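Raw input.csv, CSV, N, CA, C and O atoms and all ligand atoms:
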```csv
chain,number,residue,atom,x,y,z
A,1,MET,N,108.6,2.7,121.4
A,1,MET,CA,108.8,1.4,120.9
A,1,MET,C,107.4,0.9,120.4
A,1,MET,O,106.4,1.1,121.0
A,2,ARG,N,107.5,0.3,119.2
A,2,ARG,CA,106.2,-0.2,118.6
A,2,ARG,C,106.2,-1.7,118.5
A,2,ARG,O,107.2,-2.3,118.0
A,3,VAL,N,105.2,-2.3,119.0
A,3,VAL,CA,105.1,-3.8,119.0
A,3,VAL,C,103.9,-4.2,118.3
A,3,VAL,O,102.8,-3.7,118.5
A,4,PRO,N,104.0,-5.2,117.4
A,4,PRO,CA,102.8,-5.7,116.7
A,4,PRO,C,101.8,-6.4,117.7
A,4,PRO,O,102.2,-7.1,118.6
A,5,LYS,N,100.5,-6.2,117.4
A,5,LYS,CA,99.5,-6.7,118.2
A,5,LYS,C,99.4,-8.3,118.3
A,5,LYS,O,99.1,-8.8,119.3
A,6,THR,N,99.7,-8.9,117.2
A,6,THR,CA,99.8,-10.3,117.1
A,6,THR,C,101.1,-10.8,116.7
A,6,THR,O,101.7,-10.2,115.8
A,7,GLN,N,101.6,-11.8,117.4
A,7,GLN,CA,102.9,-12.3,117.1
A,7,GLN,C,102.9,-13.9,117.1
A,7,GLN,O,102.2,-14.5,117.9
A,8,ARG,N,103.8,-14.4,116.2
A,8,ARG,CA,103.9,-15.9,116.2
A,8,ARG,C,105.1,-16.2,117.2
A,8,ARG,O,106.2,-15.8,116.9
A,9,ARG,N,104.7,-16.9,118.3
A,9,ARG,CA,105.8,-17.2,119.3
A,9,ARG,C,105.6,-18.7,119.7
A,9,ARG,O,104.6,-19.3,119.4
A,10,PHE,N,106.7,-19.1,120.3
A,10,PHE,CA,106.7,-20.5,120.8
A,10,PHE,C,105.9,-20.6,122.1
A,10,PHE,O,106.1,-19.8,123.0
A,11,CYS,N,104.9,-21.5,122.1
A,11,CYS,CA,104.2,-21.7,123.4
A,11,CYS,C,104.6,-23.0,124.0
A,11,CYS,O,104.6,-24.0,123.4
A,12,LYS,N,105.1,-22.8,125.3
A,12,LYS,CA,105.7,-24.0,126.0
A,12,LYS,C,104.6,-25.0,126.3
A,12,LYS,O,104.8,-26.2,126.5
A,13,ASN,N,103.3,-24.5,126.5
A,13,ASN,CA,102.2,-25.4,126.8
A,13,ASN,C,101.8,-26.2,125.6
A,13,ASN,O,101.5,-27.4,125.7
A,14,CYS,N,101.7,-25.6,124.4
A,14,CYS,CA,101.4,-26.3,123.2
A,14,CYS,C,102.6,-27.0,122.6
A,14,CYS,O,102.4,-27.9,121.7
A,15,ASN,N,103.8,-26.6,123.0
A,15,ASN,CA,105.0,-27.1,122.5
A,15,ASN,C,105.2,-26.9,121.0
A,15,ASN,O,105.7,-27.7,120.3
A,16,LYS,N,104.7,-25.8,120.5
A,16,LYS,CA,104.9,-25.4,119.1
A,16,LYS,C,104.7,-23.9,119.0
A,16,LYS,O,104.3,-23.2,119.9
A,17,HIS,N,104.9,-23.4,117.8
A,17,HIS,CA,104.7,-22.0,117.5
A,17,HIS,C,103.2,-21.7,117.2
A,17,HIS,O,102.6,-22.4,116.4
A,18,THR,N,102.6,-20.7,117.9
A,18,THR,CA,101.2,-20.4,117.7
A,18,THR,C,101.1,-18.9,117.7
A,18,THR,O,102.0,-18.1,118.0
A,19,GLU,N,99.9,-18.4,117.3
A,19,GLU,CA,99.6,-17.0,117.2
A,19,GLU,C,99.4,-16.5,118.7
A,19,GLU,O,98.7,-17.1,119.4
A,20,HIS,N,100.0,-15.4,119.0
A,20,HIS,CA,99.8,-14.8,120.3
A,20,HIS,C,99.3,-13.4,120.3
A,20,HIS,O,99.7,-12.6,119.4
A,21,LYS,N,98.4,-13.1,121.1
A,21,LYS,CA,97.8,-11.7,121.3
A,21,LYS,C,98.7,-11.0,122.3
A,21,LYS,O,99.0,-11.5,123.3
A,22,VAL,N,99.0,-9.7,122.0
A,22,VAL,CA,99.9,-9.0,122.8
A,22,VAL,C,99.2,-7.9,123.6
A,22,VAL,O,98.4,-7.1,123.0
A,23,THR,N,99.4,-7.8,124.9
A,23,THR,CA,98.8,-6.7,125.7
A,23,THR,C,100.0,-6.2,126.5
A,23,THR,O,100.9,-6.9,126.8
A,24,ILE,N,99.8,-5.0,127.0
A,24,ILE,CA,100.8,-4.4,127.9
A,24,ILE,C,100.4,-4.6,129.4
A,24,ILE,O,99.2,-4.3,129.7
A,25,TYR,N,101.4,-5.0,130.2
A,25,TYR,CA,101.1,-5.2,131.6
A,25,TYR,C,100.8,-3.9,132.3
A,25,TYR,O,101.5,-2.9,132.1
A,26,LYS,N,99.7,-3.9,133.1
A,26,LYS,CA,99.4,-2.7,133.9
A,26,LYS,C,99.4,-3.1,135.3
A,26,LYS,O,98.8,-4.1,135.7
A,27,LYS,N,100.0,-2.3,136.1
A,27,LYS,CA,100.1,-2.5,137.6
A,27,LYS,C,98.7,-2.5,138.1
A,27,LYS,O,97.9,-1.5,137.9
A,28,SER,N,98.3,-3.5,138.9
A,28,SER,CA,97.0,-3.5,139.5
A,28,SER,C,96.9,-2.5,140.6
A,28,SER,O,97.8,-2.1,141.3
A,29,LYS,N,95.7,-2.0,140.8
A,29,LYS,CA,95.4,-0.9,141.7
A,29,LYS,C,95.7,-1.4,143.2
A,29,LYS,O,95.3,-2.5,143.5
A,30,GLU,N,96.3,-0.5,143.9
A,30,GLU,CA,96.6,-0.9,145.3
A,30,GLU,C,95.3,-0.9,146.2
A,30,GLU,O,94.5,0.0,146.1
A,31,ARG,N,95.2,-2.0,146.9
A,31,ARG,CA,94.0,-2.2,147.7
A,31,ARG,C,94.3,-1.6,149.1
A,31,ARG,O,95.4,-1.7,149.6
A,32,LYS,N,93.2,-1.1,149.7
A,32,LYS,CA,93.3,-0.6,151.0
A,32,LYS,C,93.5,-1.7,152.1
A,32,LYS,O,93.9,-1.4,153.2
A,33,THR,N,93.2,-2.9,151.7
A,33,THR,CA,93.1,-4.0,152.7
A,33,THR,C,94.4,-4.8,152.8
A,33,THR,O,94.5,-5.7,153.7
A,34,ASN,N,95.4,-4.5,151.9
A,34,ASN,CA,96.6,-5.4,152.1
A,34,ASN,C,97.4,-5.1,153.3
A,34,ASN,O,97.3,-4.0,153.8
A,35,GLU,N,98.2,-6.1,153.8
A,35,GLU,CA,98.8,-6.0,155.1
A,35,GLU,C,99.8,-4.8,155.2
A,35,GLU,O,99.8,-4.1,156.2
A,36,GLY,N,100.6,-4.6,154.1
A,36,GLY,CA,101.6,-3.5,154.2
A,36,GLY,C,100.9,-2.1,154.3
A,36,GLY,O,101.4,-1.3,155.0
A,37,ARG,N,99.8,-2.0,153.6
A,37,ARG,CA,99.0,-0.7,153.6
A,37,ARG,C,98.5,-0.5,155.0
A,37,ARG,O,98.5,0.6,155.5
A,38,ARG,N,98.0,-1.6,155.6
A,38,ARG,CA,97.4,-1.4,156.9
A,38,ARG,C,98.4,-1.1,158.0
A,38,ARG,O,98.2,-0.2,158.8
A,39,ARG,N,99.6,-1.7,157.9
A,39,ARG,CA,100.7,-1.4,158.8
A,39,ARG,C,101.1,0.0,158.7
A,39,ARG,O,101.4,0.7,159.7
A,40,TYR,N,101.3,0.5,157.4
A,40,TYR,CA,101.7,1.8,157.2
A,40,TYR,C,100.7,2.8,157.7
A,40,TYR,O,101.1,3.8,158.3
A,41,ASP,N,99.5,2.6,157.5
A,41,ASP,CA,98.4,3.5,158.0
A,41,ASP,C,98.4,3.6,159.5
A,41,ASP,O,98.3,4.6,160.1
A,42,ARG,N,98.7,2.4,160.2
A,42,ARG,CA,98.7,2.4,161.6
A,42,ARG,C,99.9,3.2,162.1
A,42,ARG,O,99.8,3.9,163.1
A,43,LYS,N,101.0,3.1,161.4
A,43,LYS,CA,102.2,3.8,161.9
A,43,LYS,C,102.1,5.3,161.7
A,43,LYS,O,102.6,6.1,162.4
A,44,LYS,N,101.4,5.7,160.7
A,44,LYS,CA,101.2,7.1,160.4
A,44,LYS,C,100.2,7.8,161.3
A,44,LYS,O,100.1,9.0,161.4
A,45,LYS,N,99.4,7.0,162.0
A,45,LYS,CA,98.4,7.5,162.9
A,45,LYS,C,99.1,8.2,164.1
A,45,LYS,O,100.1,7.8,164.5
A,46,GLY,N,98.4,9.2,164.6
A,46,GLY,CA,98.9,9.9,165.7
A,46,GLY,C,100.1,10.8,165.5
A,46,GLY,O,100.3,11.2,164.4
A,47,TYR,N,100.8,11.2,166.5
A,47,TYR,CA,102.0,12.0,166.4
A,47,TYR,C,103.2,11.3,165.9
A,47,TYR,O,103.2,10.1,165.9
A,48,GLY,N,104.2,12.1,165.5
A,48,GLY,CA,105.4,11.4,165.0
A,48,GLY,C,105.6,11.7,163.5
A,48,GLY,O,104.7,12.2,162.8
A,49,SER,N,106.8,11.4,163.1
A,49,SER,CA,107.2,11.7,161.7
A,49,SER,C,106.8,10.7,160.7
A,49,SER,O,106.2,9.6,161.1
A,50,GLN,N,107.1,10.9,159.5
A,50,GLN,CA,106.8,9.9,158.4
A,50,GLN,C,107.7,8.7,158.7
A,50,GLN,O,108.9,8.8,158.8
A,51,PRO,N,107.1,7.5,158.8
A,51,PRO,CA,107.8,6.3,159.2
A,51,PRO,C,108.8,5.8,158.1
A,51,PRO,O,109.8,5.2,158.4
A,52,LYS,N,108.4,6.1,156.9
A,52,LYS,CA,109.2,5.6,155.7
A,52,LYS,C,109.4,6.8,154.8
A,52,LYS,O,108.5,7.6,154.6
A,53,GLU,N,110.7,7.0,154.4
A,53,GLU,CA,110.9,8.2,153.5
A,53,GLU,C,110.2,8.1,152.2
A,53,GLU,O,110.0,7.0,151.7
A,54,ILE,N,109.8,9.2,151.7
A,54,ILE,CA,109.1,9.2,150.5
A,54,ILE,C,110.1,9.4,149.4
A,54,ILE,O,110.9,10.3,149.4
A,55,PHE,N,110.1,8.5,148.4
A,55,PHE,CA,111.1,8.4,147.3
A,55,PHE,C,110.9,9.5,146.4
A,55,PHE,O,109.8,9.7,145.7
A,56,ARG,N,111.9,10.4,146.2
A,56,ARG,CA,111.8,11.6,145.4
A,56,ARG,C,112.9,11.7,144.3
A,56,ARG,O,112.7,12.3,143.3
A,57,LYS,N,114.0,11.1,144.6
A,57,LYS,CA,115.2,11.2,143.7
A,57,LYS,C,115.2,10.2,142.6
A,57,LYS,O,116.0,9.3,142.6
A,58,ASN,N,114.2,10.3,141.8
A,58,ASN,CA,114.1,9.3,140.7
A,58,ASN,C,115.0,9.7,139.5
A,58,ASN,O,114.9,10.7,138.9
A,59,ALA,N,116.0,8.8,139.2
A,59,ALA,CA,116.9,9.1,138.2
A,59,ALA,C,116.4,8.7,136.8
A,59,ALA,O,116.9,9.2,135.8
A,60,LYS,N,115.5,7.7,136.8
A,60,LYS,CA,115.0,7.2,135.5
A,60,LYS,C,113.9,8.1,135.0
A,60,LYS,O,113.1,8.7,135.7
A,61,ILE,N,114.0,8.2,133.6
A,61,ILE,CA,113.0,9.1,133.0
A,61,ILE,C,111.8,8.3,132.5
A,61,ILE,O,110.7,8.7,132.7
A,62,ASN,N,112.1,7.1,132.0
A,62,ASN,CA,111.0,6.3,131.4
A,62,ASN,C,110.7,5.1,132.3
A,62,ASN,O,111.5,4.5,133.0
A,63,LYS,N,109.4,4.8,132.2
A,63,LYS,CA,108.9,3.6,133.0
A,63,LYS,C,109.1,2.4,132.2
A,63,LYS,O,109.2,2.4,130.9
A,64,LYS,N,109.2,1.3,132.9
A,64,LYS,CA,109.3,0.0,132.2
A,64,LYS,C,108.0,-0.5,131.7
A,64,LYS,O,107.0,-0.4,132.4
A,65,SER,N,107.9,-1.0,130.4
A,65,SER,CA,106.7,-1.5,129.9
A,65,SER,C,107.0,-3.0,129.6
A,65,SER,O,108.0,-3.3,129.0
A,66,GLN,N,106.0,-3.8,130.0
A,66,GLN,CA,106.2,-5.2,129.8
A,66,GLN,C,105.1,-5.8,129.0
A,66,GLN,O,103.9,-5.5,129.3
A,67,PRO,N,105.4,-6.5,127.9
A,67,PRO,CA,104.4,-7.1,127.1
A,67,PRO,C,103.9,-8.5,127.7
A,67,PRO,O,104.7,-9.2,128.3
A,68,ILE,N,102.6,-8.8,127.5
A,68,ILE,CA,102.1,-10.1,127.9
A,68,ILE,C,101.6,-10.8,126.6
A,68,ILE,O,100.8,-10.2,125.9
A,69,PHE,N,102.1,-11.9,126.4
A,69,PHE,CA,101.7,-12.7,125.2
A,69,PHE,C,100.7,-13.8,125.6
A,69,PHE,O,100.9,-14.5,126.5
A,70,GLN,N,99.5,-13.7,124.9
A,70,GLN,CA,98.5,-14.7,125.3
A,70,GLN,C,98.3,-15.7,124.1
A,70,GLN,O,98.0,-15.2,122.9
A,71,CYS,N,98.5,-16.9,124.3
A,71,CYS,CA,98.4,-17.9,123.2
A,71,CYS,C,96.9,-18.0,122.8
A,71,CYS,O,96.0,-18.1,123.7
A,72,THR,N,96.6,-18.0,121.5
A,72,THR,CA,95.3,-18.0,121.1
A,72,THR,C,94.7,-19.5,121.1
A,72,THR,O,93.5,-19.7,120.9
A,73,GLU,N,95.6,-20.4,121.2
A,73,GLU,CA,95.1,-21.8,121.2
A,73,GLU,C,94.8,-22.3,122.6
A,73,GLU,O,93.8,-23.0,122.8
A,74,CYS,N,95.7,-22.1,123.6
A,74,CYS,CA,95.4,-22.6,124.9
A,74,CYS,C,95.1,-21.5,125.9
A,74,CYS,O,94.9,-21.7,127.1
A,75,ASN,N,95.2,-20.2,125.5
A,75,ASN,CA,94.9,-19.0,126.3
A,75,ASN,C,95.9,-18.8,127.5
A,75,ASN,O,95.6,-18.2,128.4
A,76,LYS,N,97.0,-19.5,127.4
A,76,LYS,CA,98.0,-19.3,128.4
A,76,LYS,C,98.8,-18.0,128.2
A,76,LYS,O,99.0,-17.6,127.1
A,77,LYS,N,99.1,-17.3,129.3
A,77,LYS,CA,99.8,-16.0,129.2
A,77,LYS,C,101.3,-16.2,129.5
A,77,LYS,O,101.7,-16.9,130.4
A,78,TRP,N,102.1,-15.5,128.7
A,78,TRP,CA,103.5,-15.5,128.9
A,78,TRP,C,104.0,-14.1,129.0
A,78,TRP,O,103.6,-13.2,128.2
A,79,TYR,N,104.8,-13.9,130.0
A,79,TYR,CA,105.3,-12.5,130.2
A,79,TYR,C,106.6,-12.3,129.4
A,79,TYR,O,107.6,-13.1,129.6
A,80,GLY,N,106.6,-11.3,128.6
A,80,GLY,CA,107.8,-10.9,127.8
A,80,GLY,C,108.8,-10.1,128.6
A,80,GLY,O,108.6,-9.8,129.8
A,81,LYS,N,109.9,-9.7,127.9
A,81,LYS,CA,110.9,-8.9,128.5
A,81,LYS,C,110.5,-7.4,128.6
A,81,LYS,O,110.0,-6.9,127.6
A,82,ALA,N,110.7,-6.8,129.8
A,82,ALA,CA,110.3,-5.4,129.9
A,82,ALA,C,111.4,-4.5,129.3
A,82,ALA,O,112.6,-4.8,129.4
A,83,HIS,N,110.9,-3.4,128.8
A,83,HIS,CA,111.8,-2.4,128.2
A,83,HIS,C,111.5,-1.0,128.7
A,83,HIS,O,110.3,-0.7,129.0
A,84,ARG,N,112.5,-0.2,128.7
A,84,ARG,CA,112.3,1.2,129.1
A,84,ARG,C,112.2,2.0,127.8
A,84,ARG,O,113.1,2.0,127.0
A,85,ALA,N,111.0,2.6,127.6
A,85,ALA,CA,110.8,3.4,126.4
A,85,ALA,C,109.8,4.5,126.7
A,85,ALA,O,109.0,4.4,127.6
A,86,LYS,N,110.0,5.6,126.0
A,86,LYS,CA,109.2,6.7,126.2
A,86,LYS,C,107.7,6.4,125.8
A,86,LYS,O,106.8,6.6,126.5
A,87,ARG,N,107.7,5.8,124.6
A,87,ARG,CA,106.3,5.3,124.2
A,87,ARG,C,106.4,3.8,123.9
A,87,ARG,O,107.3,3.4,123.2
A,88,TYR,N,105.4,3.2,124.3
A,88,TYR,CA,105.3,1.7,124.1
A,88,TYR,C,103.9,1.4,123.6
A,88,TYR,O,103.0,1.5,124.3
A,89,GLU,N,103.8,1.3,122.3
A,89,GLU,CA,102.5,1.1,121.7
A,89,GLU,C,102.3,-0.1,120.8
A,89,GLU,O,103.3,-0.6,120.2
A,90,LEU,N,101.1,-0.6,120.8
A,90,LEU,CA,100.8,-1.8,120.0
A,90,LEU,C,100.3,-1.3,118.6
A,90,LEU,O,99.5,-0.4,118.5
A,91,ILE,N,100.8,-2.0,117.6
A,91,ILE,CA,100.4,-1.6,116.2
A,91,ILE,C,99.8,-2.8,115.5
A,91,ILE,O,100.1,-3.9,115.8
A,92,GLU,N,98.9,-2.4,114.6
A,92,GLU,CA,98.2,-3.5,113.8
A,92,GLU,C,99.2,-4.0,112.8
A,92,GLU,O,100.0,-3.2,112.3
A,93,THR,N,99.1,-5.2,112.4
A,93,THR,CA,100.0,-5.8,111.4
A,93,THR,C,99.2,-6.3,110.2
A,93,THR,O,98.1,-6.8,110.5
B,101,ZN,ZN,99.4,-22.5,123.7
```

What does this structure look like when you write it as structure tokens?
Amino acid sequence: MRVPKTQRRFCKNCNKHTEHKVTIYKKSKERKTNEGRRRYDRKKKGYGSQPKEIFRKNAKINKKSQPIFQCTECNKKWYGKAHRAKRYELIET
């Protein structure tokens, strides 16, 4: 899927159509310090089996890609609809 880098969209903050810069959402890196991670590490410590099954039966081929639209006037970010596509790239217009 090819998405133009700049789009004219409606900004709810400005209450009008403005130019928006498009970027693709990237999952933030998992931190070692979050609560779930700490609990999981504690459970895995010592003897015993894997506390939570490791997900392996993935039926989906493509990952979801979500665009983020940033208003060039007020710099507010709007999250667009995510799509499943093999390739999700931004193109110059
Ligand atoms: Zn705006």

Would you write out, as a tab-separated table, a table of all residues in chain A that have an atom no more than 8 Å from an atom of ligand ZN 101 (chain B), listing for each the closest atom pair and the distance in Å to one decimal, considering all atoms listed in the file and ordering rows by chain and rising residue number?
```
residue	atom	partner	partner_atom	distance
A:Arg9	O	B:ZN101	ZN	7.5
A:Phe10	C	B:ZN101	ZN	7.0
A:Cys11	CA	B:ZN101	ZN	4.9
A:Lys12	N	B:ZN101	ZN	5.9
A:Asn13	C	B:ZN101	ZN	4.8
A:Cys14	N	B:ZN101	ZN	3.9
A:Asn15	N	B:ZN101	ZN	6.1
A:Lys16	O	B:ZN101	ZN	6.2
A:His17	C	B:ZN101	ZN	7.6
A:Thr18	CA	B:ZN101	ZN	6.6
A:Glu19	O	B:ZN101	ZN	6.9
A:Gln70	C	B:ZN101	ZN	6.9
A:Cys71	CA	B:ZN101	ZN	4.7
A:Thr72	N	B:ZN101	ZN	5.7
A:Glu73	C	B:ZN101	ZN	4.7
A:Cys74	N	B:ZN101	ZN	3.7
A:Asn75	N	B:ZN101	ZN	5.1
A:Lys76	N	B:ZN101	ZN	5.3
A:Lys77	N	B:ZN101	ZN	7.6
```

Would you save the residues from that selection as a PDB file, in the coordinates of the input, using N, CA, C and O atoms?
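Result file is part_25.pdb:
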```pdb
ATOM      1  N   ARG A   9     104.700 -16.900 118.300  1.00  0.00           N
ATOM      2  CA  ARG A   9     105.800 -17.200 119.300  1.00  0.00           C
ATOM      3  C   ARG A   9     105.600 -18.700 119.700  1.00  0.00           C
ATOM      4  O   ARG A   9     104.600 -19.300 119.400  1.00  0.00           O
ATOM      5  N   PHE A  10     106.700 -19.100 120.300  1.00  0.00           N
ATOM      6  CA  PHE A  10     106.700 -20.500 120.800  1.00  0.00           C
ATOM      7  C   PHE A  10     105.900 -20.600 122.100  1.00  0.00           C
ATOM      8  O   PHE A  10     106.100 -19.800 123.000  1.00  0.00           O
ATOM      9  N   CYS A  11     104.900 -21.500 122.100  1.00  0.00           N
ATOM     10  CA  CYS A  11     104.200 -21.700 123.400  1.00  0.00           C
ATOM     11  C   CYS A  11     104.600 -23.000 124.000  1.00  0.00           C
ATOM     12  O   CYS A  11     104.600 -24.000 123.400  1.00  0.00           O
ATOM     13  N   LYS A  12     105.100 -22.800 125.300  1.00  0.00           N
ATOM     14  CA  LYS A  12     105.700 -24.000 126.000  1.00  0.00           C
ATOM     15  C   LYS A  12     104.600 -25.000 126.300  1.00  0.00           C
ATOM     16  O   LYS A  12     104.800 -26.200 126.500  1.00  0.00           O
ATOM     17  N   ASN A  13     103.300 -24.500 126.500  1.00  0.00           N
ATOM     18  CA  ASN A  13     102.200 -25.400 126.800  1.00  0.00           C
ATOM     19  C   ASN A  13     101.800 -26.200 125.600  1.00  0.00           C
ATOM     20  O   ASN A  13     101.500 -27.400 125.700  1.00  0.00           O
ATOM     21  N   CYS A  14     101.700 -25.600 124.400  1.00  0.00           N
ATOM     22  CA  CYS A  14     101.400 -26.300 123.200  1.00  0.00           C
ATOM     23  C   CYS A  14     102.600 -27.000 122.600  1.00  0.00           C
ATOM     24  O   CYS A  14     102.400 -27.900 121.700  1.00  0.00           O
ATOM     25  N   ASN A  15     103.800 -26.600 123.000  1.00  0.00           N
ATOM     26  CA  ASN A  15     105.000 -27.100 122.500  1.00  0.00           C
ATOM     27  C   ASN A  15     105.200 -26.900 121.000  1.00  0.00           C
ATOM     28  O   ASN A  15     105.700 -27.700 120.300  1.00  0.00           O
ATOM     29  N   LYS A  16     104.700 -25.800 120.500  1.00  0.00           N
ATOM     30  CA  LYS A  16     104.900 -25.400 119.100  1.00  0.00           C
ATOM     31  C   LYS A  16     104.700 -23.900 119.000  1.00  0.00           C
ATOM     32  O   LYS A  16     104.300 -23.200 119.900  1.00  0.00           O
ATOM     33  N   HIS A  17     104.900 -23.400 117.800  1.00  0.00           N
ATOM     34  CA  HIS A  17     104.700 -22.000 117.500  1.00  0.00           C
ATOM     35  C   HIS A  17     103.200 -21.700 117.200  1.00  0.00           C
ATOM     36  O   HIS A  17     102.600 -22.400 116.400  1.00  0.00           O
ATOM     37  N   THR A  18     102.600 -20.700 117.900  1.00  0.00           N
ATOM     38  CA  THR A  18     101.200 -20.400 117.700  1.00  0.00           C
ATOM     39  C   THR A  18     101.100 -18.900 117.700  1.00  0.00           C
ATOM     40  O   THR A  18     102.000 -18.100 118.000  1.00  0.00           O
ATOM     41  N   GLU A  19      99.900 -18.400 117.300  1.00  0.00           N
ATOM     42  CA  GLU A  19      99.600 -17.000 117.200  1.00  0.00           C
ATOM     43  C   GLU A  19      99.400 -16.500 118.700  1.00  0.00           C
ATOM     44  O   GLU A  19      98.700 -17.100 119.400  1.00  0.00           O
ATOM     45  N   GLN A  70      99.500 -13.700 124.900  1.00  0.00           N
ATOM     46  CA  GLN A  70      98.500 -14.700 125.300  1.00  0.00           C
ATOM     47  C   GLN A  70      98.300 -15.700 124.100  1.00  0.00           C
ATOM     48  O   GLN A  70      98.000 -15.200 122.900  1.00  0.00           O
ATOM     49  N   CYS A  71      98.500 -16.900 124.300  1.00  0.00           N
ATOM     50  CA  CYS A  71      98.400 -17.900 123.200  1.00  0.00           C
ATOM     51  C   CYS A  71      96.900 -18.000 122.800  1.00  0.00           C
ATOM     52  O   CYS A  71      96.000 -18.100 123.700  1.00  0.00           O
ATOM     53  N   THR A  72      96.600 -18.000 121.500  1.00  0.00           N
ATOM     54  CA  THR A  72      95.300 -18.000 121.100  1.00  0.00           C
ATOM     55  C   THR A  72      94.700 -19.500 121.100  1.00  0.00           C
ATOM     56  O   THR A  72      93.500 -19.700 120.900  1.00  0.00           O
ATOM     57  N   GLU A  73      95.600 -20.400 121.200  1.00  0.00           N
ATOM     58  CA  GLU A  73      95.100 -21.800 121.200  1.00  0.00           C
ATOM     59  C   GLU A  73      94.800 -22.300 122.600  1.00  0.00           C
ATOM     60  O   GLU A  73      93.800 -23.000 122.800  1.00  0.00           O
ATOM     61  N   CYS A  74      95.700 -22.100 123.600  1.00  0.00           N
ATOM     62  CA  CYS A  74      95.400 -22.600 124.900  1.00  0.00           C
ATOM     63  C   CYS A  74      95.100 -21.500 125.900  1.00  0.00           C
ATOM     64  O   CYS A  74      94.900 -21.700 127.100  1.00  0.00           O
ATOM     65  N   ASN A  75      95.200 -20.200 125.500  1.00  0.00           N
ATOM     66  CA  ASN A  75      94.900 -19.000 126.300  1.00  0.00           C
ATOM     67  C   ASN A  75      95.900 -18.800 127.500  1.00  0.00           C
ATOM     68  O   ASN A  75      95.600 -18.200 128.400  1.00  0.00           O
ATOM     69  N   LYS A  76      97.000 -19.500 127.400  1.00  0.00           N
ATOM     70  CA  LYS A  76      98.000 -19.300 128.400  1.00  0.00           C
ATOM     71  C   LYS A  76      98.800 -18.000 128.200  1.00  0.00           C
ATOM     72  O   LYS A  76      99.000 -17.600 127.100  1.00  0.00           O
ATOM     73  N   LYS A  77      99.100 -17.300 129.300  1.00  0.00           N
ATOM     74  CA  LYS A  77      99.800 -16.000 129.200  1.00  0.00           C
ATOM     75  C   LYS A  77     101.300 -16.200 129.500  1.00  0.00           C
ATOM     76  O   LYS A  77     101.700 -16.900 130.400  1.00  0.00           O
TER      77      LYS A  77
END
```

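Across A:Arg37, A:Lys43, A:Gln50, A:Pro67, the tightest approach to Gly80 of chain A is made by A:Pro67 when counting only N, CA, C and O atoms.
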
**Request:** For Lys86 of chain A, please output as a list in words all residues within 6 Å (counting all atoms listed in the file; exclusion window: fewer than 5 positions along the same chain).
**Result:**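 The residues that qualify are Met1, Asn62 and Lys63 of chain A.
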
**Request:** Would you mind telling me which residue in A:Lys29, A:Glu92, A:Arg87, A:Arg39 lies nearest to Arg2 of chain A when using all atoms listed in the file?
**Result:**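 Smallest separation from Arg2 of chain A among the options: A:Arg87.
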
**Asked** Which value, in Å to one decimal, gives the distance between atom N of Lys21 of chain A and atom CA of Phe69 of chain A?
**Response**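 Atom CA of Phe69 of chain A lies 5.3 Å from atom N of Lys21 of chain A.
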
Which residues are near Pro4 of chain A? Cut-off 7 Å, all atoms listed in the file, ignore same chain within fewer than 3 positions. Put them as a JSON list (two decimals) with N, CA, C and O atoms, in the frame of the given file.
```json
[["chain", "number", "residue", "atom", "x", "y", "z"],
["A", 7, "GLN", "N", 101.60, -11.80, 117.40],
["A", 7, "GLN", "CA", 102.90, -12.30, 117.10],
["A", 7, "GLN", "C", 102.90, -13.90, 117.10],
["A", 7, "GLN", "O", 102.20, -14.50, 117.90],
["A", 20, "HIS", "N", 100.00, -15.40, 119.00],
["A", 20, "HIS", "CA", 99.80, -14.80, 120.30],
["A", 20, "HIS", "C", 99.30, -13.40, 120.30],
["A", 20, "HIS", "O", 99.70, -12.60, 119.40],
["A", 21, "LYS", "N", 98.40, -13.10, 121.10],
["A", 21, "LYS", "CA", 97.80, -11.70, 121.30],
["A", 21, "LYS", "C", 98.70, -11.00, 122.30],
["A", 21, "LYS", "O", 99.00, -11.50, 123.30],
["A", 22, "VAL", "N", 99.00, -9.70, 122.00],
["A", 22, "VAL", "CA", 99.90, -9.00, 122.80],
["A", 22, "VAL", "C", 99.20, -7.90, 123.60],
["A", 22, "VAL", "O", 98.40, -7.10, 123.00],
["A", 23, "THR", "N", 99.40, -7.80, 124.90],
["A", 23, "THR", "CA", 98.80, -6.70, 125.70],
["A", 23, "THR", "C", 100.00, -6.20, 126.50],
["A", 23, "THR", "O", 100.90, -6.90, 126.80],
["A", 89, "GLU", "N", 103.80, 1.30, 122.30],
["A", 89, "GLU", "CA", 102.50, 1.10, 121.70],
["A", 89, "GLU", "C", 102.30, -0.10, 120.80],
["A", 89, "GLU", "O", 103.30, -0.60, 120.20],
["A", 90, "LEU", "N", 101.10, -0.60, 120.80],
["A", 90, "LEU", "CA", 100.80, -1.80, 120.00],
["A", 90, "LEU", "C", 100.30, -1.30, 118.60],
["A", 90, "LEU", "O", 99.50, -0.40, 118.50],
["A", 91, "ILE", "N", 100.80, -2.00, 117.60],
["A", 91, "ILE", "CA", 100.40, -1.60, 116.20],
["A", 91, "ILE", "C", 99.80, -2.80, 115.50],
["A", 91, "ILE", "O", 100.10, -3.90, 115.80],
["A", 92, "GLU", "N", 98.90, -2.40, 114.60],
["A", 92, "GLU", "CA", 98.20, -3.50, 113.80],
["A", 92, "GLU", "C", 99.20, -4.00, 112.80],
["A", 92, "GLU", "O", 100.00, -3.20, 112.30],
["A", 93, "THR", "N", 99.10, -5.20, 112.40],
["A", 93, "THR", "CA", 100.00, -5.80, 111.40],
["A", 93, "THR", "C", 99.20, -6.30, 110.20],
["A", 93, "THR", "O", 98.10, -6.80, 110.50]]
```

**Prompt:** Can you list every residue in segment 49-92 of chain A that DSSP puts in strand (DSSP E or B), as an NGL selection string?
**Reply:** :A and (64-65 or 67-71 or 77-79 or 83-84 or 89-91)

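One distance worth recording is that between atom O of Arg84 of chain A and atom N of Glu53 of chain A, which is 28.0 Å.
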
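Here atom O of Tyr88 of chain A and atom CA of Ile24 of chain A stand 7.3 Å from one another.
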
**Message:** What parts of chain A does DSSP call helix (DSSP H, G or I)? I'd like the answer as a count of residues only.
**Reply:** 10

**Message:** Quick one: residues within 12 Å of Tyr40 of chain A, only C-alpha atoms, excluding same-chain residues fewer than 6 positions away - as number ranges by chain?
**Reply:** A: 32-34, 50-53
